[in-house]
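*Asks:* Take this structure, written in structure tokens, and hold onto it; I'll ask about it next.
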Amino acid sequence: MPIPVILNPAARSTKAAALEHALRRLSPEPELHLTTGPGDAALIAEKLAAAGHELVVSAGGDGTMNEVLQGLCRANALRQPGEKHTTLGVLPLGTMNVFSVELKLPGRDIEGCWREITSGQRREVDLWMANDMYFAQLAGVGLDAQIVQETSWEAKKRFGPLSYVMSAVNVLMRPPPTLSVQIDGKAPLLGTVVLIGNGKHYGGPFPLFRDASNTDGKLDLIIFRGLGGLEFLQLLRGMLLDGYQECEYLDYLQACEFTVTSDAGETPVELDGELAELNAPVVFRPAPFRLSVAV
């Protein structure tokens with residue numbers, strides 16, 4: 001049975017056509033499924049998993065990966081205890097590709113990634129939920145989600161990762177909401193930004209969450225108590241060096257389950273680098289099963 005690959009054709013650009021051609025030349029040749037709009041990748045993945053495919057591959061960026069993840073998990077959630085789950089494969093073709101970095105896949109080397117995906121090697125990692133949506137690598141509430149919301153596809157295509165910096169400048173001109181992180185047995189932690197990691201990497205090859213592991217059953221949280229220059233110096237240092245160190249401006253902790261609320265009511269949330277349509281409060285908790293990934 002050919003391995004299905006779900007490709008986001010990126011508005012049928014010339015580059016996307018070249019990627020499609022490259023994918024069709026892989027050996028063994030995959031079965032390509034092209035998306036036509038938002039949410040399409042999730043529906044295709046769900047149908048493929050429900051039809052019995054053991055492996056479904058996402059070809060695109062983190063947004064396509066998370067859509068495919070939603071579909072696979074909806075199908076896997078219906079499986080009986082002990083029944084084999086559909087595995088997720090990742091061909092990193094997007095702007096950031098954070099999850100593929102965490103999995104140590106060989107960058108944008110399509111043929112190299114395909115060899116690893118088709119090698120038969122599998123690994124299970126922790127899977128998480130934000131309300132009723134799944135995520136595998138990272139999440140954010142507040143500033144970073146607002147940046148994702150305001151970074152257009154056209155800007156990402158033209159400027160790459162710099163597009164997020166440009167959006168950040170605009171977002172920082174506005175007063176941020178106050179967020180509250182509530183963990184059982186602890187006093188609420190207040191801040192303006194909450195970054196959440198299931199692995200060490202955030203925003204690309206940067207090991208932001210120094211203690212994170214996607215197999216320890218915990219999420220790592222970084223909470224900005226304010227939103228000024230000192231916090232962003234800490235952010236830059238952490239991304240360029242070895243991750244955050246706790247200081248008077250930041251809280252770094254681990255938790256298995258927690259709730260984030262906002263004094264602004266509706267506050268944007270991103271999952272795996274893509275904006276999620278979630279209503280506050282947002283409950284972060286473990287999924288009832290783990291995620292099988294091809295490595």
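If you're wondering about the labels, chains in the structure tokens are A, B, ... by order shown, residues count from 1 in each chain, ligands from 1 in order shown.
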Using only C-alpha atoms, which residues sit within 10 Å of Arg122 (chain A) once same-chain residues fewer than 3 positions away are excluded, as a VMD selection string?

*Replies:* chain A and resid 87 to 89 116 to 119 125 292 to 295

*Asks:* Can you write out the residues you just picked, keeping N, CA and C atoms, as a PDB file, in the first residue's frame?

*Replies:*
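See selection33.pdb below for the written result:
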```pdb
ATOM      1  N   THR A  87       0.444   6.155  12.575  1.00  0.00           N
ATOM      2  CA  THR A  87       1.664   6.902  12.871  1.00  0.00           C
ATOM      3  C   THR A  87       1.722   8.183  12.038  1.00  0.00           C
ATOM      4  N   LEU A  88       2.287   9.231  12.628  1.00  0.00           N
ATOM      5  CA  LEU A  88       2.495  10.500  11.933  1.00  0.00           C
ATOM      6  C   LEU A  88       3.919  10.561  11.385  1.00  0.00           C
ATOM      7  N   GLY A  89       4.041  10.910  10.109  1.00  0.00           N
ATOM      8  CA  GLY A  89       5.330  11.203   9.503  1.00  0.00           C
ATOM      9  C   GLY A  89       5.389  12.667   9.127  1.00  0.00           C
ATOM     10  N   GLU A 116      14.182   8.102   6.283  1.00  0.00           N
ATOM     11  CA  GLU A 116      13.938   7.853   7.707  1.00  0.00           C
ATOM     12  C   GLU A 116      12.478   7.480   7.953  1.00  0.00           C
ATOM     13  N   ILE A 117      11.560   8.186   7.290  1.00  0.00           N
ATOM     14  CA  ILE A 117      10.140   7.916   7.475  1.00  0.00           C
ATOM     15  C   ILE A 117       9.778   6.505   7.033  1.00  0.00           C
ATOM     16  N   THR A 118      10.391   6.059   5.942  1.00  0.00           N
ATOM     17  CA  THR A 118      10.053   4.743   5.383  1.00  0.00           C
ATOM     18  C   THR A 118      10.928   3.621   5.923  1.00  0.00           C
ATOM     19  N   SER A 119      11.785   3.920   6.902  1.00  0.00           N
ATOM     20  CA  SER A 119      12.682   2.897   7.449  1.00  0.00           C
ATOM     21  C   SER A 119      11.968   1.908   8.366  1.00  0.00           C
ATOM     22  N   VAL A 125       5.790   9.606  21.546  1.00  0.00           N
ATOM     23  CA  VAL A 125       6.045  10.828  22.318  1.00  0.00           C
ATOM     24  C   VAL A 125       4.759  11.246  23.012  1.00  0.00           C
ATOM     25  N   SER A 292       2.425   8.182  18.023  1.00  0.00           N
ATOM     26  CA  SER A 292       3.456   7.421  17.319  1.00  0.00           C
ATOM     27  C   SER A 292       3.970   8.261  16.155  1.00  0.00           C
ATOM     28  N   VAL A 293       5.302   8.442  16.080  1.00  0.00           N
ATOM     29  CA  VAL A 293       5.897   9.234  15.011  1.00  0.00           C
ATOM     30  C   VAL A 293       6.950   8.393  14.289  1.00  0.00           C
ATOM     31  N   ALA A 294       7.092   8.646  12.973  1.00  0.00           N
ATOM     32  CA  ALA A 294       8.081   7.946  12.164  1.00  0.00           C
ATOM     33  C   ALA A 294       9.390   8.715  12.233  1.00  0.00           C
ATOM     34  N   VAL A 295      10.446   8.029  12.628  1.00  0.00           N
ATOM     35  CA  VAL A 295      11.751   8.666  12.742  1.00  0.00           C
ATOM     36  C   VAL A 295      12.839   7.822  12.095  1.00  0.00           C
TER      37      VAL A 295
END
```

*Asks:* Could you please determine the separation between CA of Gly142 (chain A) and CA of Glu274 (chain A) in Å, to one decimal place?

*Replies:*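 Going from CA of Gly142 (chain A) over to CA of Glu274 (chain A), I get 13.2 Å.
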
*Asks:* Just the alpha helix (DSSP H) stuff from region 42-167 of chain A, please, per backbone DSSP, written as a PyMOL selection string.

*Replies:* chain A and resi 42-50+62-76+98-102+110-117+143-150+153-159+162-167

*Asks:* Rounded to one decimal place, report the CA of Glu257 (chain A)-CA of Lys218 (chain A) distance in Å.

*Replies:*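 A separation of 8.3 Å between them.
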
*Asks:* Of the residues A:Glu31, A:Leu271, A:Phe99, A:Ala287, which is the one nearest to Phe135 (chain A), using only C-alpha atoms?

*Replies:* A:Leu271

*Asks:* Could you pull the residues within 7 Å of Leu34 (chain A), counting only C-alpha atoms, minus those fewer than 2 positions along the same chain, as number ranges by chain?

*Replies:* A: 6-9, 32, 36

*Asks:* In Å, rounded to a single decimal, give me how far CA of Leu179 (chain A) is from CA of Val260 (chain A).

*Replies:*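 Rounded to one decimal, the two atoms are 6.7 Å apart.
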
*Asks:* Excluding Val181 (chain A) and residues on its chain fewer than 2 positions from it, collect all residues at most 7 Å away from it, counting only C-alpha atoms, and give them as a list in words.

*Replies:*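 Close residues of Val181 (chain A): Leu179, Ile183, Pro188, Leu189, Leu190, Phe258, Thr259, Val260 and Thr261 of chain A.
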
*Asks:* Please provide the set of residues having any atom within 10 Å of Met133 (chain A), restricted to only C-alpha atoms, with same-chain residues fewer than 2 positions apart removed, written as a PyMOL selection string.

*Replies:* chain A and resi 66+69-70+73-74+128-131+135+271+276-278+284+287

*Asks:* Please write the residues from the selection above to a file, keeping N, CA, C and O atoms, as a PDB file, in the first residue's frame.

*Replies:*
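Okay, this is what ended up in result05.pdb:
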```pdb
ATOM      1  N   ASN A  66       0.139  20.220  12.173  1.00  0.00           N
ATOM      2  CA  ASN A  66      -0.854  20.214  13.244  1.00  0.00           C
ATOM      3  C   ASN A  66      -2.234  19.860  12.718  1.00  0.00           C
ATOM      4  O   ASN A  66      -2.999  19.178  13.408  1.00  0.00           O
ATOM      5  N   LEU A  69      -2.225  16.215  12.348  1.00  0.00           N
ATOM      6  CA  LEU A  69      -2.276  15.658  13.698  1.00  0.00           C
ATOM      7  C   LEU A  69      -3.710  15.597  14.217  1.00  0.00           C
ATOM      8  O   LEU A  69      -4.126  14.601  14.814  1.00  0.00           O
ATOM      9  N   GLN A  70      -4.486  16.683  13.997  1.00  0.00           N
ATOM     10  CA  GLN A  70      -5.877  16.690  14.471  1.00  0.00           C
ATOM     11  C   GLN A  70      -6.655  15.519  13.870  1.00  0.00           C
ATOM     12  O   GLN A  70      -7.394  14.812  14.562  1.00  0.00           O
ATOM     13  N   CYS A  73      -5.465  12.065  15.209  1.00  0.00           N
ATOM     14  CA  CYS A  73      -5.848  11.847  16.604  1.00  0.00           C
ATOM     15  C   CYS A  73      -7.346  11.610  16.755  1.00  0.00           C
ATOM     16  O   CYS A  73      -7.768  10.832  17.616  1.00  0.00           O
ATOM     17  N   ARG A  74      -8.140  12.275  15.932  1.00  0.00           N
ATOM     18  CA  ARG A  74      -9.585  12.015  15.994  1.00  0.00           C
ATOM     19  C   ARG A  74      -9.876  10.554  15.625  1.00  0.00           C
ATOM     20  O   ARG A  74     -10.739   9.914  16.233  1.00  0.00           O
ATOM     21  N   TRP A 128      -0.598  16.107  23.790  1.00  0.00           N
ATOM     22  CA  TRP A 128      -1.312  17.001  24.702  1.00  0.00           C
ATOM     23  C   TRP A 128      -2.548  17.579  24.056  1.00  0.00           C
ATOM     24  O   TRP A 128      -2.683  17.575  22.832  1.00  0.00           O
ATOM     25  N   MET A 129      -3.425  18.103  24.912  1.00  0.00           N
ATOM     26  CA  MET A 129      -4.657  18.729  24.450  1.00  0.00           C
ATOM     27  C   MET A 129      -4.812  20.115  25.060  1.00  0.00           C
ATOM     28  O   MET A 129      -4.445  20.341  26.226  1.00  0.00           O
ATOM     29  N   ALA A 130      -5.331  21.034  24.250  1.00  0.00           N
ATOM     30  CA  ALA A 130      -5.768  22.341  24.730  1.00  0.00           C
ATOM     31  C   ALA A 130      -7.262  22.391  24.461  1.00  0.00           C
ATOM     32  O   ALA A 130      -7.681  22.459  23.299  1.00  0.00           O
ATOM     33  N   ASN A 131      -8.065  22.300  25.511  1.00  0.00           N
ATOM     34  CA  ASN A 131      -9.503  22.042  25.375  1.00  0.00           C
ATOM     35  C   ASN A 131      -9.697  20.787  24.530  1.00  0.00           C
ATOM     36  O   ASN A 131      -9.248  19.723  24.916  1.00  0.00           O
ATOM     37  N   PHE A 135      -1.960  18.931  20.397  1.00  0.00           N
ATOM     38  CA  PHE A 135      -0.697  19.508  19.943  1.00  0.00           C
ATOM     39  C   PHE A 135       0.451  18.608  20.380  1.00  0.00           C
ATOM     40  O   PHE A 135       0.354  17.873  21.361  1.00  0.00           O
ATOM     41  N   LEU A 271      -1.177  26.647  18.652  1.00  0.00           N
ATOM     42  CA  LEU A 271      -0.758  25.276  18.897  1.00  0.00           C
ATOM     43  C   LEU A 271       0.165  24.852  17.763  1.00  0.00           C
ATOM     44  O   LEU A 271      -0.226  24.925  16.591  1.00  0.00           O
ATOM     45  N   ALA A 276      -5.175  28.695  16.916  1.00  0.00           N
ATOM     46  CA  ALA A 276      -6.228  27.732  17.243  1.00  0.00           C
ATOM     47  C   ALA A 276      -7.493  28.488  17.635  1.00  0.00           C
ATOM     48  O   ALA A 276      -7.430  29.488  18.352  1.00  0.00           O
ATOM     49  N   GLU A 277      -8.617  28.015  17.168  1.00  0.00           N
ATOM     50  CA  GLU A 277      -9.899  28.635  17.509  1.00  0.00           C
ATOM     51  C   GLU A 277     -10.399  28.032  18.822  1.00  0.00           C
ATOM     52  O   GLU A 277     -11.172  27.075  18.840  1.00  0.00           O
ATOM     53  N   LEU A 278      -9.944  28.617  19.918  1.00  0.00           N
ATOM     54  CA  LEU A 278     -10.292  28.131  21.246  1.00  0.00           C
ATOM     55  C   LEU A 278     -10.897  29.262  22.055  1.00  0.00           C
ATOM     56  O   LEU A 278     -10.483  30.417  21.936  1.00  0.00           O
ATOM     57  N   PHE A 284      -5.119  22.895  29.555  1.00  0.00           N
ATOM     58  CA  PHE A 284      -4.054  22.089  28.967  1.00  0.00           C
ATOM     59  C   PHE A 284      -3.923  20.808  29.789  1.00  0.00           C
ATOM     60  O   PHE A 284      -3.779  20.869  31.015  1.00  0.00           O
ATOM     61  N   ALA A 287      -3.292  14.088  26.528  1.00  0.00           N
ATOM     62  CA  ALA A 287      -4.248  13.333  25.720  1.00  0.00           C
ATOM     63  C   ALA A 287      -4.373  11.934  26.309  1.00  0.00           C
ATOM     64  O   ALA A 287      -3.481  11.473  27.035  1.00  0.00           O
TER      65      ALA A 287
END
```
